[in-house]
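Read the structure below first, then the notes.
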Amino acid sequence: MAVVFQKTKGLTDKETHYCPGCTHGIIHRLVAEVLEELDILGETIGVAPVGCSVLAYDYFNCDMQEAAHGRAPAVATGIKRSLPDKIVFTYQGDGDLASIGAGEIVHVAHRAEKITTIFVNNAIYGMTGGQMAPTTLIGQKATTAPLGRDSSTTGFPLKISEMLATIQGAVFVERVTVHNPAAIRKAKKAIKRAFEVQIAGQGFGIVEVLSTCPTNWGMTPIKALGWLEDNMIPYYPLGNLRTPEEAK
Amino acid sequence: MAKGKVTFNEDICKGCGLCTTNCPVNIVVMNTTKINAKGYHPATISDIDACIGCANCAMMCPDNVITVERF
């Protein structure tokens with residue numbers, strides 16, 4: 001009998017604090033599996049953000065560092081420049097990366113830092129209780145947009161990957177999702193490629209992963225997967241936006 | 001004859017049900033007769049003989065509850 005699926009060594013034995021059905025757990029696993037498969041667990045330093053994934057340092061079985069809100073790319077820059085042989089990644093949510101950390105993520109790409117960012121986009125602020133984020137969809141309800149996001153007063157959802165793909169130093173940009181097994185396999189491939197780009201020293205890589213927030217979206221975990229597919233994917237189209245070959 | 005063996009680490013299951021969404025033979029269900037250490041109805045297999053060992057359930061699980069073996 002062959003084991004076809006078991007928990008990766010890239011994760012610790014600690015149970016996550018995430019709500020039932022939150023896809024953060026799947027994304028954590030994919031990153032950890034990639035680190036294990038590339039055999040770089042001992043060489044990797046991750047930077048955790050502020051937000052739901054603030055405790056990510058407890059879950060990844062590699063060295064981790066916590067950063068101030070939105071500043072994970074800046075902290076990662078310091079780590080990578082002082083320890084250039086290490087593999088450095090940041091794991092950030094949309095409230096962290098797309099809002100307070102929007103400046104940091106633009107400039108880490110602009111400086112072409114050789115780090116990898118995993119950007120988890122669930123279109124809402126999760127940890128603080130479901131406030132509107134820059135990525136919240138038009139019409140989507142949040143505690144600070146009880147009638148749904150209105151573009152006349154709050155603008156339009158920010159497409160971070162498209163924005164970063166215009167920056168020359170961002171050599172790998174891809175948007176993926178994790179709402180079914182086929183999508184999860186594709187997401188893992190993209191994350192692996194992003195780390196390979198860093199190992200090859202080609203520049204900055206980011207993978208945006210569309211994620212669910214059943215608790216703050218106010219639906220069951222299974223309905224949340226359907227909501228992601230029906231509402232998020234049309235606005236945030238999946239696919240690769242930039243590869244090192246195109247960036248040359 | 002089952003082609004796969006699925007083991008659940010029931011006590012860490014959060015009862016979200018994501019594992020039930022993509023089973024090609026529809027045998028992953030929530031065990032509503034049982035409550036685990038966390039207070040949730042854990043996932044289980046209704047008919048292990050039908051299992052094909054595809055690991056879709058484990059792939060969807062956010063909490064690494066499931067281990068899949070194939071004969």
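Going through the structure tokens in order, the chains are called A, B, and so on, while each chain numbers its residues from 1 and the ligands are numbered from 1 in the order shown.
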**Study point:** Counting only C-alpha atoms, chain A residues within 10 Å of chain B, as number ranges by chain
**Key:** A: 1-8, 11, 13, 15-30, 178-182, 184-185, 214, 220-223, 225
Only N, CA and C atoms, please: the residues just picked out, written as an mmCIF file, in the first residue's frame.
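Output file selection-v9.cif is given in full below:
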```
data_model
loop_
_atom_site.group_PDB
_atom_site.id
_atom_site.type_symbol
_atom_site.label_atom_id
_atom_site.label_comp_id
_atom_site.auth_asym_id
_atom_site.auth_seq_id
_atom_site.Cartn_x
_atom_site.Cartn_y
_atom_site.Cartn_z
ATOM 1 N N MET A 1 0.840 -1.187 0.000
ATOM 2 C CA MET A 1 0.000 0.000 0.000
ATOM 3 C C MET A 1 0.884 1.249 0.000
ATOM 4 N N ALA A 2 0.582 2.146 -0.910
ATOM 5 C CA ALA A 2 1.408 3.349 -1.002
ATOM 6 C C ALA A 2 0.640 4.548 -0.467
ATOM 7 N N VAL A 3 1.330 5.371 0.299
ATOM 8 C CA VAL A 3 0.699 6.594 0.802
ATOM 9 C C VAL A 3 0.648 7.604 -0.339
ATOM 10 N N VAL A 4 -0.554 8.037 -0.706
ATOM 11 C CA VAL A 4 -0.668 9.019 -1.785
ATOM 12 C C VAL A 4 -0.857 10.434 -1.257
ATOM 13 N N PHE A 5 -1.250 10.541 0.012
ATOM 14 C CA PHE A 5 -1.388 11.879 0.583
ATOM 15 C C PHE A 5 -1.215 11.839 2.085
ATOM 16 N N GLN A 6 -0.261 12.589 2.582
ATOM 17 C CA GLN A 6 -0.128 12.748 4.027
ATOM 18 C C GLN A 6 0.393 14.151 4.327
ATOM 19 N N LYS A 7 0.290 14.543 5.574
ATOM 20 C CA LYS A 7 0.697 15.896 5.963
ATOM 21 C C LYS A 7 2.172 16.121 5.658
ATOM 22 N N THR A 8 2.467 17.270 5.064
ATOM 23 C CA THR A 8 3.852 17.583 4.698
ATOM 24 C C THR A 8 4.720 17.888 5.924
ATOM 25 N N LEU A 11 5.077 21.599 7.510
ATOM 26 C CA LEU A 11 4.210 22.215 8.511
ATOM 27 C C LEU A 11 4.513 21.613 9.870
ATOM 28 N N ASP A 13 3.339 20.473 13.846
ATOM 29 C CA ASP A 13 2.179 19.706 14.319
ATOM 30 C C ASP A 13 1.111 20.584 14.954
ATOM 31 N N GLU A 15 -1.991 22.788 15.550
ATOM 32 C CA GLU A 15 -3.261 22.979 14.841
ATOM 33 C C GLU A 15 -3.444 24.459 14.564
ATOM 34 N N THR A 16 -3.967 24.787 13.373
ATOM 35 C CA THR A 16 -4.122 26.208 13.044
ATOM 36 C C THR A 16 -5.315 26.799 13.784
ATOM 37 N N HIS A 17 -5.262 28.123 13.952
ATOM 38 C CA HIS A 17 -6.363 28.819 14.626
ATOM 39 C C HIS A 17 -7.413 29.269 13.628
ATOM 40 N N TYR A 18 -7.232 28.953 12.345
ATOM 41 C CA TYR A 18 -8.154 29.462 11.321
ATOM 42 C C TYR A 18 -9.564 28.913 11.506
ATOM 43 N N CYS A 19 -10.542 29.696 11.079
ATOM 44 C CA CYS A 19 -11.942 29.274 11.179
ATOM 45 C C CYS A 19 -12.156 28.008 10.342
ATOM 46 N N PRO A 20 -13.178 27.215 10.657
ATOM 47 C CA PRO A 20 -13.478 26.041 9.838
ATOM 48 C C PRO A 20 -13.703 26.441 8.374
ATOM 49 N N GLY A 21 -13.051 25.717 7.462
ATOM 50 C CA GLY A 21 -13.270 25.956 6.040
ATOM 51 C C GLY A 21 -12.484 27.098 5.452
ATOM 52 N N CYS A 22 -11.660 27.768 6.263
ATOM 53 C CA CYS A 22 -10.826 28.858 5.731
ATOM 54 C C CYS A 22 -9.732 28.247 4.867
ATOM 55 N N THR A 23 -9.565 28.785 3.648
ATOM 56 C CA THR A 23 -8.600 28.168 2.742
ATOM 57 C C THR A 23 -7.147 28.587 3.028
ATOM 58 N N HIS A 24 -6.924 29.406 4.043
ATOM 59 C CA HIS A 24 -5.552 29.671 4.481
ATOM 60 C C HIS A 24 -4.827 28.340 4.714
ATOM 61 N N GLY A 25 -5.540 27.372 5.321
ATOM 62 C CA GLY A 25 -4.917 26.081 5.639
ATOM 63 C C GLY A 25 -4.403 25.384 4.397
ATOM 64 N N ILE A 26 -5.187 25.458 3.310
ATOM 65 C CA ILE A 26 -4.766 24.819 2.051
ATOM 66 C C ILE A 26 -3.526 25.537 1.509
ATOM 67 N N ILE A 27 -3.548 26.869 1.558
ATOM 68 C CA ILE A 27 -2.433 27.646 0.992
ATOM 69 C C ILE A 27 -1.155 27.432 1.819
ATOM 70 N N HIS A 28 -1.292 27.381 3.136
ATOM 71 C CA HIS A 28 -0.144 27.048 3.991
ATOM 72 C C HIS A 28 0.452 25.717 3.551
ATOM 73 N N ARG A 29 -0.430 24.738 3.348
ATOM 74 C CA ARG A 29 0.049 23.400 2.997
ATOM 75 C C ARG A 29 0.792 23.423 1.661
ATOM 76 N N LEU A 30 0.252 24.160 0.673
ATOM 77 C CA LEU A 30 0.899 24.196 -0.642
ATOM 78 C C LEU A 30 2.300 24.799 -0.538
ATOM 79 N N VAL A 178 -7.915 28.258 -5.013
ATOM 80 C CA VAL A 178 -7.839 26.948 -4.364
ATOM 81 C C VAL A 178 -9.236 26.384 -4.092
ATOM 82 N N HIS A 179 -10.202 26.676 -5.011
ATOM 83 C CA HIS A 179 -11.570 26.259 -4.696
ATOM 84 C C HIS A 179 -11.911 24.839 -5.134
ATOM 85 N N ASN A 180 -11.028 24.174 -5.864
ATOM 86 C CA ASN A 180 -11.242 22.746 -6.163
ATOM 87 C C ASN A 180 -9.886 22.072 -6.373
ATOM 88 N N PRO A 181 -9.843 20.727 -6.391
ATOM 89 C CA PRO A 181 -8.538 20.045 -6.462
ATOM 90 C C PRO A 181 -7.714 20.416 -7.697
ATOM 91 N N ALA A 182 -8.371 20.613 -8.842
ATOM 92 C CA ALA A 182 -7.612 20.972 -10.048
ATOM 93 C C ALA A 182 -6.948 22.336 -9.863
ATOM 94 N N ILE A 184 -6.164 23.665 -7.057
ATOM 95 C CA ILE A 184 -5.124 23.544 -6.023
ATOM 96 C C ILE A 184 -3.817 23.042 -6.648
ATOM 97 N N ARG A 185 -3.928 22.084 -7.583
ATOM 98 C CA ARG A 185 -2.716 21.581 -8.252
ATOM 99 C C ARG A 185 -2.036 22.699 -9.036
ATOM 100 N N PRO A 214 -15.264 32.301 4.936
ATOM 101 C CA PRO A 214 -16.658 31.952 5.219
ATOM 102 C C PRO A 214 -17.243 32.746 6.385
ATOM 103 N N THR A 220 -21.615 29.402 4.583
ATOM 104 C CA THR A 220 -20.951 28.158 4.955
ATOM 105 C C THR A 220 -19.675 28.016 4.123
ATOM 106 N N PRO A 221 -18.713 27.215 4.611
ATOM 107 C CA PRO A 221 -17.476 27.040 3.840
ATOM 108 C C PRO A 221 -17.723 26.542 2.417
ATOM 109 N N ILE A 222 -18.702 25.669 2.238
ATOM 110 C CA ILE A 222 -18.961 25.121 0.901
ATOM 111 C C ILE A 222 -19.573 26.189 -0.007
ATOM 112 N N LYS A 223 -20.507 26.984 0.546
ATOM 113 C CA LYS A 223 -21.092 28.084 -0.248
ATOM 114 C C LYS A 223 -20.027 29.116 -0.595
ATOM 115 N N LEU A 225 -16.934 28.606 -1.317
ATOM 116 C CA LEU A 225 -16.176 28.168 -2.494
ATOM 117 C C LEU A 225 -16.922 28.571 -3.768
#
```
Point to revise | alpha helix (DSSP H) call set, DSSP backbone run, chain B, as a PyMOL selection string | key: chain B and resi 56-60
Selection from above, N, CA, C and O atoms, as an mmCIF file, in the first residue's frame, can you write it?
```cif
data_model
loop_
_atom_site.group_PDB
_atom_site.id
_atom_site.type_symbol
_atom_site.label_atom_id
_atom_site.label_comp_id
_atom_site.auth_asym_id
_atom_site.auth_seq_id
_atom_site.Cartn_x
_atom_site.Cartn_y
_atom_site.Cartn_z
ATOM 1 N N ASN B 56 -8.686 13.496 -3.476
ATOM 2 C CA ASN B 56 -9.333 14.810 -3.618
ATOM 3 C C ASN B 56 -9.774 15.368 -2.270
ATOM 4 O O ASN B 56 -9.673 16.569 -2.018
ATOM 5 N N CYS B 57 -10.273 14.478 -1.399
ATOM 6 C CA CYS B 57 -10.754 14.917 -0.082
ATOM 7 C C CYS B 57 -9.606 15.532 0.715
ATOM 8 O O CYS B 57 -9.740 16.604 1.306
ATOM 9 N N ALA B 58 -8.464 14.831 0.694
ATOM 10 C CA ALA B 58 -7.303 15.310 1.452
ATOM 11 C C ALA B 58 -6.773 16.612 0.868
ATOM 12 O O ALA B 58 -6.319 17.501 1.593
ATOM 13 N N MET B 59 -6.860 16.727 -0.466
ATOM 14 C CA MET B 59 -6.397 17.937 -1.150
ATOM 15 C C MET B 59 -7.207 19.157 -0.706
ATOM 16 O O MET B 59 -6.692 20.261 -0.594
ATOM 17 N N MET B 60 -8.505 18.976 -0.479
ATOM 18 C CA MET B 60 -9.382 20.086 -0.101
ATOM 19 C C MET B 60 -9.313 20.410 1.390
ATOM 20 O O MET B 60 -9.765 21.470 1.805
#
```
Practice item. For B:Met1, please output as a PyMOL selection string all residues within 9 Å (counting only C-alpha atoms; exclusion window: fewer than 2 positions along the same chain). Key: chain B and resi 3+48-51
Exercise for review: Excluding stretch 230-240 of chain A and residues on its chain fewer than 2 positions from it, collect all residues at most 12 Å away from it, counting only C-alpha atoms, and give them as a ChimeraX atom specification.
Suggested key: /A:121-124,135-140,156-162,165,171-179,183,186-187,189-191,193-194,205-212,223-228,242-244,246
